[in-house]
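Notes follow once the structure below has been shown.
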Amino acid sequence: MLSAIVAKRLCFLRLGQLVSGVCKASWRPVVTGLMSARAYRGEAPEDSKGDLIEIPLPPWTEKVGETVDIKRRRLLYESRKRGMLENCILLSLFSKQYLNTMSETQLQQYDRLINEPSNDWDIYYWATEAHPTPEVYDGEVMDMLKEFTKNRDQEQRLDAPNLEYLDKGSQ
């Protein structure tokens with residue numbers, strides 16, 4: 001019985017040393033400065049972020065010779081398949097409502113808006129007006145997206161729309 005207690009205590013001691021930084025000599029938490037070694041301190045001020053890698057994306061180019069119907073279908077797909085769920089929901093619902101009625105100029109603006117920026121969060125912040133929209137993307141389509149994002153009718157927007165509507169506008 002005694003050996004089982006000693007074995008459990010040794011196991012606890014080893015686990016404690018690994019997990020909580022228990023000092024072998026005194027069985028107290030190791031302290032560095034005023035904060036425990038296990039504590040979260042946020043980003044270190046001396047972090048140069050030199051270990052971050054930015055993957056270069058090919059520059060956006062407008063698809064030349066693409067018919068309006070093909071462009072609408074491509075933009076619909078690209079609106080649904082985003083890098084983040086928030087934009088997937090927002091842009092797919094927006095495209096469901098507006099894509100079939102957009103002019104060619106508006107389609108070009110929308111194409112550039114959703115495909116040129118390399119960071120989906122930028123699009124989200126511009127649409128929600130958390131950050132100012134750069135002049136190159138600020139236009140009629142962005143105004144429509146900002147108004148749509150306000151959700152004045154207080155619709156429940158928890159998921160991308162079903163695909164049943166896809167061909168109804170082109171038939």
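If you're wondering about the labels, chains in the structure tokens are A, B, ... by order shown, residues count from 1 in each chain, ligands from 1 in order shown.
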Among range 61-140 of chain A, which residues does DSSP mark as alpha helix (DSSP H) when it is run on the backbone? Keep the chain and numbering as in the structure and answer as a PyMOL selection string. chain A and resi 68-80+85-98+104-115+120-127+140
Can you write just those residues out, N, CA and C atoms, as a CSV table (one decimal), in the first residue's frame?
chain,number,residue,atom,x,y,z
A,68,VAL,N,-21.1,36.8,-70.3
A,68,VAL,CA,-21.7,37.3,-69.1
A,68,VAL,C,-22.3,36.2,-68.3
A,69,ASP,N,-22.9,35.2,-69.0
A,69,ASP,CA,-23.5,34.1,-68.3
A,69,ASP,C,-22.4,33.3,-67.5
A,70,ILE,N,-21.3,33.0,-68.2
A,70,ILE,CA,-20.2,32.3,-67.6
A,70,ILE,C,-19.6,33.1,-66.4
A,71,LYS,N,-19.5,34.4,-66.6
A,71,LYS,CA,-18.9,35.2,-65.6
A,71,LYS,C,-19.8,35.2,-64.3
A,72,ARG,N,-21.1,35.2,-64.5
A,72,ARG,CA,-22.1,35.2,-63.4
A,72,ARG,C,-21.9,33.8,-62.7
A,73,ARG,N,-21.8,32.7,-63.4
A,73,ARG,CA,-21.7,31.4,-62.8
A,73,ARG,C,-20.3,31.3,-62.0
A,74,ARG,N,-19.3,31.8,-62.6
A,74,ARG,CA,-18.0,31.8,-61.9
A,74,ARG,C,-18.0,32.6,-60.7
A,75,LEU,N,-18.6,33.8,-60.8
A,75,LEU,CA,-18.6,34.7,-59.6
A,75,LEU,C,-19.5,34.1,-58.5
A,76,LEU,N,-20.6,33.4,-58.9
A,76,LEU,CA,-21.4,32.7,-57.9
A,76,LEU,C,-20.6,31.7,-57.2
A,77,TYR,N,-19.9,30.9,-57.9
A,77,TYR,CA,-19.0,29.8,-57.3
A,77,TYR,C,-18.0,30.5,-56.4
A,78,GLU,N,-17.3,31.5,-56.9
A,78,GLU,CA,-16.3,32.2,-56.1
A,78,GLU,C,-16.8,32.9,-54.9
A,79,SER,N,-18.1,33.3,-54.9
A,79,SER,CA,-18.7,33.9,-53.8
A,79,SER,C,-19.0,32.9,-52.7
A,80,ARG,N,-19.3,31.7,-53.1
A,80,ARG,CA,-19.6,30.6,-52.2
A,80,ARG,C,-18.4,29.9,-51.5
A,85,LEU,N,-15.6,31.5,-43.4
A,85,LEU,CA,-17.1,31.3,-43.4
A,85,LEU,C,-17.9,32.5,-43.4
A,86,GLU,N,-17.4,33.6,-42.7
A,86,GLU,CA,-18.2,34.8,-42.7
A,86,GLU,C,-18.4,35.4,-44.1
A,87,ASN,N,-17.3,35.4,-44.9
A,87,ASN,CA,-17.4,35.9,-46.3
A,87,ASN,C,-18.2,34.9,-47.1
A,88,CYS,N,-18.1,33.6,-46.9
A,88,CYS,CA,-18.8,32.6,-47.7
A,88,CYS,C,-20.3,32.9,-47.5
A,89,ILE,N,-20.8,33.1,-46.3
A,89,ILE,CA,-22.2,33.4,-46.0
A,89,ILE,C,-22.6,34.8,-46.6
A,90,LEU,N,-21.8,35.8,-46.3
A,90,LEU,CA,-22.1,37.1,-46.7
A,90,LEU,C,-22.2,37.3,-48.3
A,91,LEU,N,-21.1,36.8,-48.9
A,91,LEU,CA,-21.0,37.0,-50.4
A,91,LEU,C,-21.9,36.1,-51.1
A,92,SER,N,-22.2,34.9,-50.6
A,92,SER,CA,-23.1,34.0,-51.3
A,92,SER,C,-24.5,34.5,-51.2
A,93,LEU,N,-24.9,35.0,-50.1
A,93,LEU,CA,-26.3,35.6,-50.0
A,93,LEU,C,-26.4,36.9,-50.8
A,94,PHE,N,-25.3,37.7,-50.8
A,94,PHE,CA,-25.3,38.9,-51.7
A,94,PHE,C,-25.4,38.5,-53.1
A,95,SER,N,-24.6,37.5,-53.6
A,95,SER,CA,-24.7,37.2,-55.0
A,95,SER,C,-26.0,36.5,-55.4
A,96,LYS,N,-26.6,35.8,-54.4
A,96,LYS,CA,-28.0,35.2,-54.7
A,96,LYS,C,-28.9,36.4,-55.0
A,97,GLN,N,-28.9,37.4,-54.2
A,97,GLN,CA,-29.8,38.5,-54.4
A,97,GLN,C,-29.5,39.4,-55.6
A,98,TYR,N,-28.2,39.7,-55.9
A,98,TYR,CA,-27.9,40.7,-56.9
A,98,TYR,C,-27.2,40.3,-58.1
A,104,GLU,N,-22.8,44.6,-66.8
A,104,GLU,CA,-21.4,44.1,-67.0
A,104,GLU,C,-20.4,44.9,-66.2
A,105,THR,N,-20.6,46.2,-66.1
A,105,THR,CA,-19.7,47.0,-65.3
A,105,THR,C,-19.7,46.6,-63.9
A,106,GLN,N,-20.9,46.4,-63.3
A,106,GLN,CA,-21.0,45.9,-62.0
A,106,GLN,C,-20.4,44.6,-61.8
A,107,LEU,N,-20.5,43.7,-62.7
A,107,LEU,CA,-19.9,42.3,-62.6
A,107,LEU,C,-18.4,42.5,-62.6
A,108,GLN,N,-17.8,43.4,-63.4
A,108,GLN,CA,-16.4,43.6,-63.4
A,108,GLN,C,-15.9,44.1,-62.0
A,109,GLN,N,-16.7,45.1,-61.5
A,109,GLN,CA,-16.3,45.6,-60.1
A,109,GLN,C,-16.4,44.5,-59.1
A,110,TYR,N,-17.4,43.7,-59.1
A,110,TYR,CA,-17.6,42.6,-58.2
A,110,TYR,C,-16.5,41.6,-58.3
A,111,ASP,N,-16.1,41.2,-59.6
A,111,ASP,CA,-15.1,40.3,-59.9
A,111,ASP,C,-13.7,40.8,-59.2
A,112,ARG,N,-13.4,42.0,-59.5
A,112,ARG,CA,-12.2,42.6,-58.9
A,112,ARG,C,-12.3,42.6,-57.4
A,113,LEU,N,-13.4,43.0,-56.8
A,113,LEU,CA,-13.5,43.1,-55.4
A,113,LEU,C,-13.3,41.8,-54.7
A,114,ILE,N,-13.9,40.7,-55.2
A,114,ILE,CA,-13.7,39.4,-54.5
A,114,ILE,C,-12.5,38.6,-54.9
A,115,ASN,N,-11.8,39.0,-55.9
A,115,ASN,CA,-10.7,38.2,-56.4
A,115,ASN,C,-9.3,38.9,-56.3
A,120,ASP,N,-9.1,37.8,-47.3
A,120,ASP,CA,-10.5,37.8,-47.1
A,120,ASP,C,-11.0,38.7,-46.0
A,121,TRP,N,-10.2,38.8,-45.0
A,121,TRP,CA,-10.6,39.7,-43.9
A,121,TRP,C,-10.7,41.2,-44.3
A,122,ASP,N,-9.9,41.6,-45.3
A,122,ASP,CA,-10.0,42.9,-45.8
A,122,ASP,C,-11.4,43.2,-46.4
A,123,ILE,N,-11.9,42.2,-47.2
A,123,ILE,CA,-13.2,42.4,-47.8
A,123,ILE,C,-14.3,42.4,-46.7
A,124,TYR,N,-14.2,41.6,-45.7
A,124,TYR,CA,-15.1,41.6,-44.6
A,124,TYR,C,-15.1,42.9,-43.8
A,125,TYR,N,-14.0,43.4,-43.5
A,125,TYR,CA,-13.9,44.7,-42.8
A,125,TYR,C,-14.4,45.9,-43.6
A,126,TRP,N,-14.2,45.8,-44.9
A,126,TRP,CA,-14.7,46.9,-45.8
A,126,TRP,C,-16.2,46.8,-45.9
A,127,ALA,N,-16.7,45.6,-46.0
A,127,ALA,CA,-18.2,45.4,-46.1
A,127,ALA,C,-18.9,45.8,-44.9
A,140,GLU,N,-20.0,51.4,-56.9
A,140,GLU,CA,-21.4,51.0,-56.8
A,140,GLU,C,-21.6,49.7,-56.2
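Restricting the calculation to only C-alpha atoms, the smallest distance between Glu54 in chain A and any of A:Asn119, A:Pro134, A:Ala160, A:Phe148 is found for A:Asn119.
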Between CA of Thr128 in chain A and CA of Lys150 in chain A lies a distance of 7.4 Å
